[in-house]
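Below is one structure, written out as structure tokens; the observations come after it.
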Amino acid sequence: MRRFYLIALLLIGSLLLVGFLTSQAHYAVTSHRQTAEAVLRDYADLASSEFVRRTLTEVGYYGYYPLTTAFRAWNRENPDAPVVPPADLPMEEERAPARELARHLFRFDGGDASLESSAPNLGAAVSQELVRRLGQSVAEAPNDGSYVSLFAEIDGEMRSFVYSMANPSEEPPRHLIGFEVDLSILGSWIERAVGRGPLLPPALADGELGNDSIFLEVTLGEDDTLFRMGEPYEPWFGVEQPFGDSYRGVLEEITVRLAIDPEVAPQLVIGGLPRSRLPLLLGVLGVVAGLILIAILQLRRERALIKLRSDFVSRVSHELRTPLTQIRMFAETLLLGRMRTPGDSRRALEIIDRESRRLSHLVENVLQFSRSEHDSVQLALEPRLLAPLLEELVDEFNPLLDSGEVSIVTRLDDNPRVTVDEDAMRQIVLNLLENAVKYGPPRQEVQLGASRANGRIQLWVDDEGPGIRTADRERIWEPFQRVAPDPGSALTGTGIGLSVVRDLVARHGGTTWVEDGRRGGARFVVELPIGGAEGAEAAG
Ligand code: ADP
């Protein structure tokens, strides 16, 4: 008993341990993954800062700055000429590509708030907005020759302007020169900036990580995409960085989204991005729990079996005691010469005979059971005609009956030759008859029959007893299983009779079952193969 609880405790303990280890393993993987994700985001941040720096250099130093300088120089020399279109602005050969960044050039006079543009029809909304914004800021224009960037949403469209003082030494500032940025060209300038080399520092991953492992998207305002490289990665471990006021807000309204391909994580982080092992771990945990459950159930069955066995020992002792007491009592009475009439003496001898036969049968059952438990049953198979064999067995059984009130009737429709072990047949038939008598009423007719079915021979014992509930019909064939007819029943038994029957029948290649009897009781059926080639021979 204690051992059972101890083992169950050990099993449950190991289950808890496995559960704990599972959760630890899961935690380890999760925290490694979080670290790896954080590293990927940090590197994305690094690459995005490099991108911002590079783009601003490209656009600022190779674009806006030379363009402003060239326009200022031209303006100084041609203060009264109409503003030329960007393409006509004289510029050094290598600086000339900057001209494509300008949609038009303009000149602003803060004194009378007049605007002059190279665009023939700038549109009233644009020039009004430009005049208003330039008028507000002309007084604070930087006087070091640098330029100022201005973003304005006009008629639902984001537009970008760059202006600078026409003459940095003018005091207070009054004249401005500038241009509107052609935002559709900006994308190719960004592309050129990206193309100048890997955005990730070459020291990482031995310089093997190029920009093809990077997703990059540059948007203006809410959702106007200026430039895009690759496809957004899933899962997303990236950053979103507005250019904001870096470099005096040159690209203020522009935002960059950048992420590193999770596939290259192993090159950046030792162990890469570990995949979640949770399903596997839960699977293992489930299997262990299942195994432990099976072990505990098995243990419980084992325990129940041990109890049944110990009950069995006391049941057998009890069964032995009753006939032994009778034998001793009548033997003593005879020895002391206390029998009054020769008839009494004969009856006493008959009882002694009957009880000792019962004893033998009981002992034979126990021995047979033990032999089948050890699998040491030896059958001596011989061809026998069935009918005379059964008649013989009934004759052997009759003396075991208490009184003449139960009658055993044989109904042999057929008499095939069967190949059987005679002792085994005795055990089988006697056990079934004994049960029919024991569990049936005191006055009844027990029928023993044999008939042919499906090319096999069926022996059956049919009684007038209570029958067997359907739920118990399988169970009763198992060793030690007894079904008390009613709780207070005085009917005793060892619980091995039917298991011996089933075992012996199976060793003959047959099967056993119980069904409803034809007269209200139970019908126990033993189905045997018909032995020998001359199987169907009839009795003479
Ligand atoms: P035992 O008779 O020693 O209990 P058995 O293995 O012979 O053991 O039978 C198992 C159980 O099957 C019995 O306890 C009894 O409940 C039930 N049983 C057997 N034969 C009959 C029968 N003819 N009628 C009703 N119940 C029976």
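Letters for chains follow the order of the structure tokens (A, B, ...), residue numbers begin at 1 for each chain, and ligand numbers begin at 1 in the order shown.
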
Report as a PDB file with N, CA, C and O atoms, in the first residue's frame which protein, DNA and RNA residues come within 8 Å of ligand 1, using only C-alpha atoms and all ligand atoms.
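Final output, saved to out.pdb:
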ATOM      1  N   ASN A 431     -16.873 -28.033 -14.210  1.00  0.00           N
ATOM      2  CA  ASN A 431     -16.943 -26.644 -13.727  1.00  0.00           C
ATOM      3  C   ASN A 431     -18.243 -25.984 -14.144  1.00  0.00           C
ATOM      4  O   ASN A 431     -18.881 -25.296 -13.345  1.00  0.00           O
ATOM      5  N   LEU A 432     -18.637 -26.197 -15.410  1.00  0.00           N
ATOM      6  CA  LEU A 432     -19.870 -25.558 -15.883  1.00  0.00           C
ATOM      7  C   LEU A 432     -21.086 -26.131 -15.173  1.00  0.00           C
ATOM      8  O   LEU A 432     -21.996 -25.405 -14.763  1.00  0.00           O
ATOM      9  N   LEU A 433     -21.108 -27.480 -15.018  1.00  0.00           N
ATOM     10  CA  LEU A 433     -22.248 -28.102 -14.331  1.00  0.00           C
ATOM     11  C   LEU A 433     -22.307 -27.653 -12.877  1.00  0.00           C
ATOM     12  O   LEU A 433     -23.371 -27.344 -12.338  1.00  0.00           O
ATOM     13  N   ASN A 435     -21.258 -24.874 -11.561  1.00  0.00           N
ATOM     14  CA  ASN A 435     -21.786 -23.504 -11.473  1.00  0.00           C
ATOM     15  C   ASN A 435     -23.289 -23.482 -11.698  1.00  0.00           C
ATOM     16  O   ASN A 435     -24.021 -22.776 -11.005  1.00  0.00           O
ATOM     17  N   ALA A 436     -23.771 -24.278 -12.686  1.00  0.00           N
ATOM     18  CA  ALA A 436     -25.204 -24.281 -12.999  1.00  0.00           C
ATOM     19  C   ALA A 436     -25.987 -24.727 -11.770  1.00  0.00           C
ATOM     20  O   ALA A 436     -27.034 -24.153 -11.437  1.00  0.00           O
ATOM     21  N   VAL A 437     -25.455 -25.718 -11.077  1.00  0.00           N
ATOM     22  CA  VAL A 437     -26.151 -26.221  -9.891  1.00  0.00           C
ATOM     23  C   VAL A 437     -26.041 -25.202  -8.763  1.00  0.00           C
ATOM     24  O   VAL A 437     -27.012 -24.886  -8.080  1.00  0.00           O
ATOM     25  N   LYS A 438     -24.816 -24.650  -8.608  1.00  0.00           N
ATOM     26  CA  LYS A 438     -24.574 -23.748  -7.479  1.00  0.00           C
ATOM     27  C   LYS A 438     -25.400 -22.469  -7.584  1.00  0.00           C
ATOM     28  O   LYS A 438     -25.972 -22.000  -6.610  1.00  0.00           O
ATOM     29  N   TYR A 439     -25.429 -21.867  -8.791  1.00  0.00           N
ATOM     30  CA  TYR A 439     -26.110 -20.569  -8.920  1.00  0.00           C
ATOM     31  C   TYR A 439     -27.582 -20.692  -9.303  1.00  0.00           C
ATOM     32  O   TYR A 439     -28.295 -19.700  -9.317  1.00  0.00           O
ATOM     33  N   GLY A 440     -28.012 -21.903  -9.620  1.00  0.00           N
ATOM     34  CA  GLY A 440     -29.420 -22.079  -9.978  1.00  0.00           C
ATOM     35  C   GLY A 440     -30.263 -22.430  -8.755  1.00  0.00           C
ATOM     36  O   GLY A 440     -29.741 -22.574  -7.650  1.00  0.00           O
ATOM     37  N   ASP A 462     -27.093 -25.224 -19.829  1.00  0.00           N
ATOM     38  CA  ASP A 462     -28.194 -24.280 -19.734  1.00  0.00           C
ATOM     39  C   ASP A 462     -28.915 -24.509 -18.411  1.00  0.00           C
ATOM     40  O   ASP A 462     -29.342 -25.617 -18.118  1.00  0.00           O
ATOM     41  N   ASP A 463     -28.993 -23.437 -17.575  1.00  0.00           N
ATOM     42  CA  ASP A 463     -29.624 -23.643 -16.255  1.00  0.00           C
ATOM     43  C   ASP A 463     -30.875 -22.792 -16.086  1.00  0.00           C
ATOM     44  O   ASP A 463     -31.259 -22.046 -16.989  1.00  0.00           O
ATOM     45  N   GLY A 465     -31.174 -20.724 -13.450  1.00  0.00           N
ATOM     46  CA  GLY A 465     -30.767 -19.734 -12.428  1.00  0.00           C
ATOM     47  C   GLY A 465     -31.073 -18.299 -12.842  1.00  0.00           C
ATOM     48  O   GLY A 465     -31.860 -18.050 -13.755  1.00  0.00           O
ATOM     49  N   PRO A 466     -30.442 -17.335 -12.171  1.00  0.00           N
ATOM     50  CA  PRO A 466     -30.744 -15.916 -12.413  1.00  0.00           C
ATOM     51  C   PRO A 466     -30.158 -15.390 -13.732  1.00  0.00           C
ATOM     52  O   PRO A 466     -30.480 -14.288 -14.145  1.00  0.00           O
ATOM     53  N   GLY A 467     -29.297 -16.153 -14.364  1.00  0.00           N
ATOM     54  CA  GLY A 467     -28.648 -15.657 -15.596  1.00  0.00           C
ATOM     55  C   GLY A 467     -27.538 -14.670 -15.245  1.00  0.00           C
ATOM     56  O   GLY A 467     -27.279 -14.409 -14.061  1.00  0.00           O
ATOM     57  N   ILE A 468     -26.907 -14.122 -16.270  1.00  0.00           N
ATOM     58  CA  ILE A 468     -25.779 -13.209 -16.015  1.00  0.00           C
ATOM     59  C   ILE A 468     -26.050 -11.900 -16.732  1.00  0.00           C
ATOM     60  O   ILE A 468     -26.395 -11.909 -17.926  1.00  0.00           O
ATOM     61  N   ILE A 476     -16.670 -12.211 -15.946  1.00  0.00           N
ATOM     62  CA  ILE A 476     -16.670 -13.448 -15.145  1.00  0.00           C
ATOM     63  C   ILE A 476     -15.639 -14.466 -15.612  1.00  0.00           C
ATOM     64  O   ILE A 476     -15.258 -15.346 -14.858  1.00  0.00           O
ATOM     65  N   TRP A 477     -15.138 -14.327 -16.831  1.00  0.00           N
ATOM     66  CA  TRP A 477     -14.171 -15.302 -17.334  1.00  0.00           C
ATOM     67  C   TRP A 477     -12.753 -14.998 -16.843  1.00  0.00           C
ATOM     68  O   TRP A 477     -11.847 -15.792 -17.030  1.00  0.00           O
ATOM     69  N   GLU A 478     -12.603 -13.832 -16.230  1.00  0.00           N
ATOM     70  CA  GLU A 478     -11.251 -13.483 -15.767  1.00  0.00           C
ATOM     71  C   GLU A 478     -10.982 -14.105 -14.409  1.00  0.00           C
ATOM     72  O   GLU A 478     -11.902 -14.294 -13.617  1.00  0.00           O
ATOM     73  N   PRO A 479      -9.721 -14.419 -14.125  1.00  0.00           N
ATOM     74  CA  PRO A 479      -9.397 -15.041 -12.847  1.00  0.00           C
ATOM     75  C   PRO A 479      -9.825 -14.151 -11.676  1.00  0.00           C
ATOM     76  O   PRO A 479      -9.740 -12.930 -11.762  1.00  0.00           O
ATOM     77  N   PHE A 480     -10.257 -14.759 -10.623  1.00  0.00           N
ATOM     78  CA  PHE A 480     -10.625 -14.117  -9.345  1.00  0.00           C
ATOM     79  C   PHE A 480     -11.884 -13.261  -9.425  1.00  0.00           C
ATOM     80  O   PHE A 480     -12.276 -12.659  -8.448  1.00  0.00           O
ATOM     81  N   GLN A 481     -12.482 -13.139 -10.609  1.00  0.00           N
ATOM     82  CA  GLN A 481     -13.648 -12.263 -10.714  1.00  0.00           C
ATOM     83  C   GLN A 481     -14.892 -13.038 -10.318  1.00  0.00           C
ATOM     84  O   GLN A 481     -15.242 -14.037 -10.936  1.00  0.00           O
ATOM     85  N   ARG A 482     -15.530 -12.567  -9.260  1.00  0.00           N
ATOM     86  CA  ARG A 482     -16.774 -13.183  -8.822  1.00  0.00           C
ATOM     87  C   ARG A 482     -17.855 -12.132  -8.861  1.00  0.00           C
ATOM     88  O   ARG A 482     -17.609 -10.964  -8.604  1.00  0.00           O
ATOM     89  N   VAL A 483     -19.037 -12.549  -9.192  1.00  0.00           N
ATOM     90  CA  VAL A 483     -20.149 -11.620  -9.145  1.00  0.00           C
ATOM     91  C   VAL A 483     -21.145 -12.208  -8.166  1.00  0.00           C
ATOM     92  O   VAL A 483     -21.733 -13.258  -8.430  1.00  0.00           O
ATOM     93  N   ALA A 484     -21.251 -11.538  -7.006  1.00  0.00           N
ATOM     94  CA  ALA A 484     -22.172 -12.076  -6.007  1.00  0.00           C
ATOM     95  C   ALA A 484     -23.596 -11.862  -6.514  1.00  0.00           C
ATOM     96  O   ALA A 484     -23.946 -10.766  -6.937  1.00  0.00           O
ATOM     97  N   PRO A 485     -24.439 -12.894  -6.532  1.00  0.00           N
ATOM     98  CA  PRO A 485     -25.817 -12.752  -7.000  1.00  0.00           C
ATOM     99  C   PRO A 485     -26.553 -11.690  -6.189  1.00  0.00           C
ATOM    100  O   PRO A 485     -27.282 -10.897  -6.719  1.00  0.00           O
ATOM    101  N   THR A 492     -20.346 -19.350  -1.997  1.00  0.00           N
ATOM    102  CA  THR A 492     -18.916 -19.029  -1.992  1.00  0.00           C
ATOM    103  C   THR A 492     -18.276 -19.644  -3.225  1.00  0.00           C
ATOM    104  O   THR A 492     -18.885 -20.452  -3.921  1.00  0.00           O
ATOM    105  N   GLY A 493     -17.061 -19.268  -3.453  1.00  0.00           N
ATOM    106  CA  GLY A 493     -16.345 -19.828  -4.602  1.00  0.00           C
ATOM    107  C   GLY A 493     -14.954 -19.236  -4.652  1.00  0.00           C
ATOM    108  O   GLY A 493     -14.634 -18.286  -3.920  1.00  0.00           O
ATOM    109  N   THR A 494     -14.104 -19.793  -5.516  1.00  0.00           N
ATOM    110  CA  THR A 494     -12.730 -19.318  -5.593  1.00  0.00           C
ATOM    111  C   THR A 494     -12.564 -18.271  -6.692  1.00  0.00           C
ATOM    112  O   THR A 494     -11.602 -17.528  -6.706  1.00  0.00           O
ATOM    113  N   GLY A 495     -13.511 -18.232  -7.627  1.00  0.00           N
ATOM    114  CA  GLY A 495     -13.416 -17.248  -8.713  1.00  0.00           C
ATOM    115  C   GLY A 495     -12.487 -17.657  -9.829  1.00  0.00           C
ATOM    116  O   GLY A 495     -12.153 -16.841 -10.690  1.00  0.00           O
ATOM    117  N   ILE A 496     -12.044 -18.949  -9.854  1.00  0.00           N
ATOM    118  CA  ILE A 496     -11.141 -19.337 -10.942  1.00  0.00           C
ATOM    119  C   ILE A 496     -11.767 -20.346 -11.886  1.00  0.00           C
ATOM    120  O   ILE A 496     -11.193 -20.667 -12.927  1.00  0.00           O
ATOM    121  N   GLY A 497     -12.961 -20.884 -11.512  1.00  0.00           N
ATOM    122  CA  GLY A 497     -13.586 -21.946 -12.307  1.00  0.00           C
ATOM    123  C   GLY A 497     -13.698 -21.593 -13.783  1.00  0.00           C
ATOM    124  O   GLY A 497     -13.231 -22.331 -14.657  1.00  0.00           O
ATOM    125  N   LEU A 498     -14.313 -20.447 -14.098  1.00  0.00           N
ATOM    126  CA  LEU A 498     -14.542 -20.099 -15.491  1.00  0.00           C
ATOM    127  C   LEU A 498     -13.238 -19.747 -16.203  1.00  0.00           C
ATOM    128  O   LEU A 498     -13.095 -19.994 -17.401  1.00  0.00           O
ATOM    129  N   SER A 499     -12.271 -19.174 -15.459  1.00  0.00           N
ATOM    130  CA  SER A 499     -11.011 -18.830 -16.132  1.00  0.00           C
ATOM    131  C   SER A 499     -10.273 -20.104 -16.539  1.00  0.00           C
ATOM    132  O   SER A 499      -9.643 -20.165 -17.593  1.00  0.00           O
ATOM    133  N   VAL A 500     -10.417 -21.171 -15.706  1.00  0.00           N
ATOM    134  CA  VAL A 500      -9.824 -22.450 -16.076  1.00  0.00           C
ATOM    135  C   VAL A 500     -10.517 -22.990 -17.333  1.00  0.00           C
ATOM    136  O   VAL A 500      -9.858 -23.457 -18.274  1.00  0.00           O
ATOM    137  N   GLY A 521     -32.454 -18.874 -17.537  1.00  0.00           N
ATOM    138  CA  GLY A 521     -31.169 -18.812 -16.832  1.00  0.00           C
ATOM    139  C   GLY A 521     -30.036 -18.416 -17.754  1.00  0.00           C
ATOM    140  O   GLY A 521     -30.235 -17.626 -18.677  1.00  0.00           O
ATOM    141  N   ALA A 522     -28.871 -18.971 -17.448  1.00  0.00           N
ATOM    142  CA  ALA A 522     -27.701 -18.664 -18.275  1.00  0.00           C
ATOM    143  C   ALA A 522     -27.376 -19.863 -19.148  1.00  0.00           C
ATOM    144  O   ALA A 522     -27.686 -20.997 -18.799  1.00  0.00           O
ATOM    145  N   ARG A 523     -26.798 -19.597 -20.317  1.00  0.00           N
ATOM    146  CA  ARG A 523     -26.326 -20.692 -21.152  1.00  0.00           C
ATOM    147  C   ARG A 523     -24.846 -20.444 -21.427  1.00  0.00           C
ATOM    148  O   ARG A 523     -24.479 -19.448 -22.044  1.00  0.00           O
ATOM    149  N   PHE A 524     -24.015 -21.343 -20.905  1.00  0.00           N
ATOM    150  CA  PHE A 524     -22.577 -21.242 -21.134  1.00  0.00           C
ATOM    151  C   PHE A 524     -22.229 -22.091 -22.345  1.00  0.00           C
ATOM    152  O   PHE A 524     -22.613 -23.255 -22.392  1.00  0.00           O
TER     153      PHE A 524
END

Selection near Leu385 (chain A), 7 Å with only C-alpha atoms, sequence-local residues under 6 positions removed, as a count of residues only: 4

In region 110-268 of chain A, DSSP strand (DSSP E) residues written as a PyMOL selection string: chain A and resi 114-117+148-154+157-165+175-181+214-220+224-229+238-242+254-260

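Residues surrounding Phe179 (chain A) within 9 Å are Leu67, Thr68, Pro86, Leu101, Ala102, Arg103, His104, Leu105, Phe106, Arg107, Ser117, Ser160, Phe161, Val162 and Tyr163 of chain A [only C-alpha atoms; sequence separation below 5 positions excluded].
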
Within 12 Å of Ser23 (chain A) using only C-alpha atoms, minus same-chain residues under 2 positions, as a list in words: Leu16, Leu17, Val18, Gly19, Phe20, Leu21, Ala25, His26, Tyr27, Ala28, Val29, Thr30, Arg277, Leu278, Pro279, Leu280, Leu281, Leu282, Val284 and Leu285 of chain A

Leu448 (chain A) surroundings by only C-alpha atoms, 8 Å radius, close-in-sequence under 5 positions cut, as a PyMOL selection string: chain A and resi 408-412+459-462

Mind dumping the selected residues with C-alpha atoms as a PDB file, in the first residue's frame?
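Result file again34.pdb:
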ATOM      1  CA  ILE A 408     -28.875 -33.194 -15.326  1.00  0.00           C
ATOM      2  CA  VAL A 409     -30.332 -33.911 -18.749  1.00  0.00           C
ATOM      3  CA  THR A 410     -28.180 -34.420 -21.832  1.00  0.00           C
ATOM      4  CA  ARG A 411     -29.363 -33.310 -25.249  1.00  0.00           C
ATOM      5  CA  LEU A 412     -26.957 -34.554 -27.796  1.00  0.00           C
ATOM      6  CA  LEU A 459     -21.264 -27.708 -26.060  1.00  0.00           C
ATOM      7  CA  TRP A 460     -23.613 -25.851 -23.806  1.00  0.00           C
ATOM      8  CA  VAL A 461     -24.832 -25.913 -20.253  1.00  0.00           C
ATOM      9  CA  ASP A 462     -28.194 -24.280 -19.734  1.00  0.00           C
TER      10      ASP A 462
END

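Distances to Tyr64 (chain A) were evaluated for A:Ala453, A:Leu528, A:Ala98, A:Leu386 using only C-alpha atoms, and the minimum falls at A:Ala98.
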
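Taking CA of Leu401 (chain A) and CA of Arg357 (chain A) as endpoints, the distance between them is 10.7 Å.
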
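For region 39-55 of chain A, the set of protein, DNA and RNA residues having any atom at most 7 Å away, when counting only C-alpha atoms and skipping those fewer than 4 positions along the same chain, is Thr35, Val59, Ile190, Ala193, Val194, Leu199, Leu200, Phe237, Gly238, Val239, Phe243, Leu258, Ala259 and Ile260 of chain A.
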
Nearest to Glu171 (chain A) by atom-to-atom distance, counting only C-alpha atoms, from A:Ser188, A:Ser118, A:Ser360, A:Asn143: A:Asn143

Nearby residues (only C-alpha atoms) at most 8 Å from Ala36 (chain A), same-chain spacing under 6 positions excluded, as a VMD selection string: chain A and resid 265 269 272 to 273
